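Some notes on the structure that comes next.
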Amino acid sequence: MVTGIFIAVGVIFLGRLFQLQVLDPTYKEYATNNVLRKVVQYPARGLVYDRNGELLVYNQAAYDLLVTPREVVRFDTLTLCSLVDITIEEFRQKFQEARAYSSYKPSVIVKQISPEKYAVLQEHLYKLKGFYIQPRTLRQYPKPLAAHVLGYVGEVTRDITANDPYYQSGDYIGISGIEKTYEKELRGKKGVKYFLVDVHNRMQGSYLDGRADSAAQIGKNLVLTIDARLQEYAEQLMKNKKGSIVAIDPATGEVLAMVSTPNYDPNLLVGRQRGNNYAALAADSLKPLFNRSLMAQYPPGSTFKMANALVALQEGVITPYTEYYCAHGYHVGNFTVGCHHEQSFRVENSISQSCNAYYCYIFRAILENPKYGGVKQGYEAWREYMLRLGFGRVLNTDFANELKGLIPSSDYYQKYVYRNARWRALPIISLSIGQGEIGITPLQMANHTALIANRGYYYIPHVVKEIEGQPIDVRFKTPVSSGIDSSWFRPVINGMEKVMQPGGTGAMSWVPGISVCGKTGTAQNPHGSDHSVFMAFAPKDNPRIALSVYVENGIWGSTYAAPIASLVIEKYLNDTISASRQWLEKSMMQANLLNPIQILRRGEEE
Amino acid sequence: MARRNNIWASIDWLTVVVYLILVFLGWINIYAAVYNEEHQSIFDISQRYGKQLIWIGAALLLGFFILLIDTNFYVFFSWFFYGLVILLLVLVLVAGTEVNGSRSWFLIGGFQFQPSEFAKFATALALSKKMSSFNFRLSRKQSLLQVLAIILAPVVLIMFQPDTGSAIVFLSFVLVLYREGLSGVVLFFGALIVLLFLLSLLVPNYILLMVLFVGALVAHYVLNLRIRPVFRGLLIAAGVVSTLYAANRLLDAGFSNEVVVLAGTLACAVGFTVWIARLRIRRSYIVSLLFFASVLFTYSVDFVFQNVLEKHHQSRINELLGIQSDPLGAGYNVNQSKIAIGSGGFFGKGFLNGTQTKFNFVPEQSTDFIFCTVGEEWGFVGAGVVMALFVYLFIRLIMLAERQRSVFSRVYGYSVSIILFFHFVVNVGMTIGLMPVIGIPLPFFSYGGSSLWAFTILLFVFLRLDASRLDKLV
Ligand SMILES: [Zn+2]
């Protein structure tokens, strides 16, 4: 019997061993987790240059102080706190948190210590058992430029770490701007070193002699299409105004400048004060974090007229010689769209004189085009053109958070305007002059201007010119056609040229020696004074710059947007502002539209 | 002199070889467990493996001398050894060095000595002496009490240290008594009481209650060989308990599950007893009686534990039983031990490649958890071989014991085999998570001079007895 017990126990134990060692794989995984400690090597983020090689973003070393609570021996808390500039209470709290997380594993206790403070801290570190330094890099900006384009980086959220295995808690990630869209290129690749550790988490040497390790790869440097000098100049012009400037090289789709004001110094969103600064910016009623160039959607006003003229010409409902008479507006029965002319217009001077009546006629002609057999179908055909002209859809740029604007679908009007009634042109006739349910972003308008400058096509706007050792996306190298024959652009562009000439609405912003083609506009603003809008490109032949300028509450296109646009063009093409226009430059730079009294007075003068 | 020459020829060399293999394997596994780069030599006596080599050398010398001494010496001095050990066990309580809260060691000039290790040997001798005495009959109450006194004296003294692990080993002598004619009933009741005592502290009472109830029904079946009432009883009990459970939930009466199960099971048991009484199934009375006695015992243990004992006594007992004793959370030691063994796989990671033991994830890896190193570095194959060697040794010792002509030698042989077996079961069972964490060494493997010498003495005295089994009747 006793022998039987021995054998039975032996068999039971053997079975148990078989289960543990052969059948169940979990113990092998646990064993790996036990002894392998991953030490992440953080690469420096890629640098960012402007198109002329001027450095826009670089890195500065910063140091995180880590603590492994278990290894800590008695030390001088007061000295440590003063060295790293935190209060004893903060330190105690952080230390408690670290201990609550794990007493064996390191936790960050003070983030982003400056190199100066680190230099001093380093000398004391040998006395601080259990404390370690982990080098990190922080973004730095030589000039407070192009904050919205560059964007910022921040710590990953739990959402991100849960969905992307690359990121670990405490990692940095691009949150907006190119930092977000080019995160993969800029971040480089984290390296990993594996160490064997004992039960006290002490390093016991490298794992597999380092064969499983991977070196950190530095992030790729980016060259932007932005011209830093132009950007800086444009930002100066927009000082103390709300609004946006987007300037594009029409020949390539490269964004030369993108301004959204009010803006902020990108250096504010770096370092230990980042949290406080971010909260202050986010709470600011002027919304400095909001990138108007991509996210503000304005009704385009008269800057929309070229689009309608081009569609009418393409559809053949008018010719360049078709004339309509403006009788102080457009009248159908009791219905009136006001204007201030008493004369006939062809396409060309309808643009330079910005006649509303003319566009009511041609828009109606487009919608009632017999070939579509109904206003609804005519509207749908028109909308299709608008999308091809770059409105009402995202352009698929490399900007983060690009919005698509609004060109309503026919369903929208069916639902909210016509309901069960027959489609007629009159209820939506205000679309002809860029009013009503249209929303266009400054970027879309600048792109549209580039399309006109190119006589019918555009390159998708983009802000990155080169990625170190890697071509930019092929979509930025492929022209996108608008579906409008290039010949129809001649009368339209001639009209835009006349806008800037004596008698035109933008004459005040005429630039000597440069044939600027532009168009003024006023964007309706239900919340206050209307917005001043201008779109332009130059020179007329072989255009090198196309831009849109929005100045909120600036009312007329000719008062702020046109002069500012003309100055940007002159600066870009001539590098200097001619003597005769320096008063204009000064007056624009000094104009403060954030001051309500000045806005009011301006409004009265008009 | 002629007889002495015969000794070497009649020694069971097979056992000696298995012993030598086990000791050697133990030594290299201690080397692997505490290996460090700075002291690579296995002979480095500043390290445990170097020291163990010294202990092994001394043990072999000890074994050699034991074989030289005449068997009569052990028989004659049985009581002397026993008395000496009892004296040492008393002394260690007074003059011992306190380590981890227990006084189990004498520390003499950097040399550690643990009398409880030798108590097993002395008790085995005394037991053999007593049971081989002329008018000894286990069936006699007086004899039984004498035997129990011999076993329990060291147990009580060791419990005072306290060192429950070593004390529990003495339980294994019960198996020896069984071989020598102890009634199965005594064994059964003894086992039942110990089991109930342990389980009432380890397992929630209501689960124990259900187990007891099922046990009673099974016992009823065994006694009457009628399966139907057993099924009926199970069904009724399940029905009553679940009805009570549902009623408690629906009426929101707020009784705990424990109360529900207790009430349901007891009601059924009472009903069952009444039914048995009416049918006059005599043989089942005892089952019912046993059931109620067990329930009473369980709850009284619990009551005493919760209400009579003070807090520090409670935690003491919990610690002894391995409840809530892990400093790093429940089951840390056992878990790390299973990880180490489990990660070894079929063929193991190879000599000195065991990361779990080498980097100290396994606690006590050169003493109580030495088997982890075997499992991790030598895999299922190596662990299986070691287990086979042990089991073979135990069986071999039983065979040797059975061929003895003297009661003294047989009792002693059984004691040796069963003591070694008990250590093996508890120690290996602990490392693979089948036994509670009770810190006793794995014979011949675990690091430590005291235990190695004690096991060597234990074994070699028996080999000496066996070698001269044909000489004369003792
Ligand atoms: Zn007009």
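Chain identifiers are assigned as A, B, and so on, following the order in which chains appear in the structure tokens; residues are numbered from 1 within each chain, and ligands are numbered from 1 in order of appearance.
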
Would you list which chain A residues are within 7 Å of chain B using only C-alpha atoms, as a short mmCIF file (atom, residue, chain, number, x, y, z; two decimals) with N, CA and C atoms, in the first residue's frame?
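Output saved as part.cif:
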data_model
loop_
_atom_site.label_atom_id
_atom_site.label_comp_id
_atom_site.auth_asym_id
_atom_site.auth_seq_id
_atom_site.Cartn_x
_atom_site.Cartn_y
_atom_site.Cartn_z
N THR A 3 3.92 1.57 -1.05
CA THR A 3 4.55 1.68 -2.37
C THR A 3 3.56 2.26 -3.37
N PHE A 6 3.45 5.91 -3.04
CA PHE A 6 4.63 6.54 -3.65
C PHE A 6 4.44 6.70 -5.16
N ILE A 7 3.99 5.61 -5.77
CA ILE A 7 3.86 5.63 -7.23
C ILE A 7 2.75 6.60 -7.65
N GLY A 10 4.01 10.04 -7.41
CA GLY A 10 4.95 10.27 -8.50
C GLY A 10 4.22 10.56 -9.80
N LEU A 14 4.19 14.03 -11.85
CA LEU A 14 4.67 14.03 -13.22
C LEU A 14 3.64 14.66 -14.16
N LEU A 17 3.75 18.33 -13.68
CA LEU A 17 4.92 18.89 -14.37
C LEU A 17 4.65 18.99 -15.87
N PHE A 18 4.03 17.95 -16.42
CA PHE A 18 3.75 17.95 -17.85
C PHE A 18 2.83 19.11 -18.20
N LEU A 20 2.44 21.97 -16.49
CA LEU A 20 3.14 23.24 -16.31
C LEU A 20 4.16 23.48 -17.41
N GLN A 21 4.93 22.45 -17.72
CA GLN A 21 6.10 22.66 -18.56
C GLN A 21 5.84 22.46 -20.04
N VAL A 22 4.89 21.61 -20.36
CA VAL A 22 4.71 21.28 -21.77
C VAL A 22 3.39 21.83 -22.32
N TYR A 27 3.25 30.22 -18.64
CA TYR A 27 4.37 30.42 -17.72
C TYR A 27 5.62 30.88 -18.45
N LYS A 28 5.73 30.48 -19.70
CA LYS A 28 6.88 30.93 -20.49
C LYS A 28 6.78 32.43 -20.74
N TYR A 30 5.13 34.63 -18.87
CA TYR A 30 5.38 35.31 -17.60
C TYR A 30 6.87 35.42 -17.35
N ALA A 31 7.58 34.34 -17.66
CA ALA A 31 9.01 34.32 -17.40
C ALA A 31 9.71 35.41 -18.19
N VAL A 35 11.93 38.87 -16.65
CA VAL A 35 13.36 39.16 -16.69
C VAL A 35 13.76 40.18 -17.74
N VAL A 197 17.00 41.71 -16.11
CA VAL A 197 17.00 42.30 -14.78
C VAL A 197 16.70 41.21 -13.75
N ASP A 198 17.14 41.46 -12.55
CA ASP A 198 16.82 40.50 -11.50
C ASP A 198 15.55 40.95 -10.80
N VAL A 199 15.23 40.28 -9.72
CA VAL A 199 13.95 40.53 -9.06
C VAL A 199 13.89 41.95 -8.50
#

**OP:** Per DSSP on the backbone, filter region 271-461 of chain A down to the residues in strand (DSSP E or B) and report them as a VMD selection string.
**Re:** chain A and resid 298 324 to 332 335 to 345 406 439 to 440 457 to 458

Subject >> Contacts with ligand 1 at most 12 Å, only C-alpha atoms and all ligand atoms counted, listed as a VMD selection string >> reply: chain A and resid 323 to 331 336 to 347 349 to 361 433

Original post:
Leaving out region 69-73 of chain A and any residue of its chain fewer than 2 positions from it, which residues lie within 9 Å of it when counting only C-alpha atoms, given as a ChimeraX atom specification?
Top reply: /A:67,75,95-96,98-99,102-107,128-131,200

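Interatomic distance, CA of Val90 (chain B) to CA of His423 (chain B): 23.7 Å.
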
**OP:** From a DSSP calculation on the backbone, collect every residue of region 56-213 of chain A in helix (DSSP H, G or I) and output the set as a ChimeraX atom specification.
**Re:** /A:69-71,77-84,88-101,115-127,147-150,158-163,177-181,183-187,207-210

Subject >> Surrounding residues of Ser486 (chain A) excluding itself and chain neighbours under 5 positions, 10 Å, only C-alpha atoms, as a PyMOL selection string >> reply: chain A and resi 310+314+452+454-457
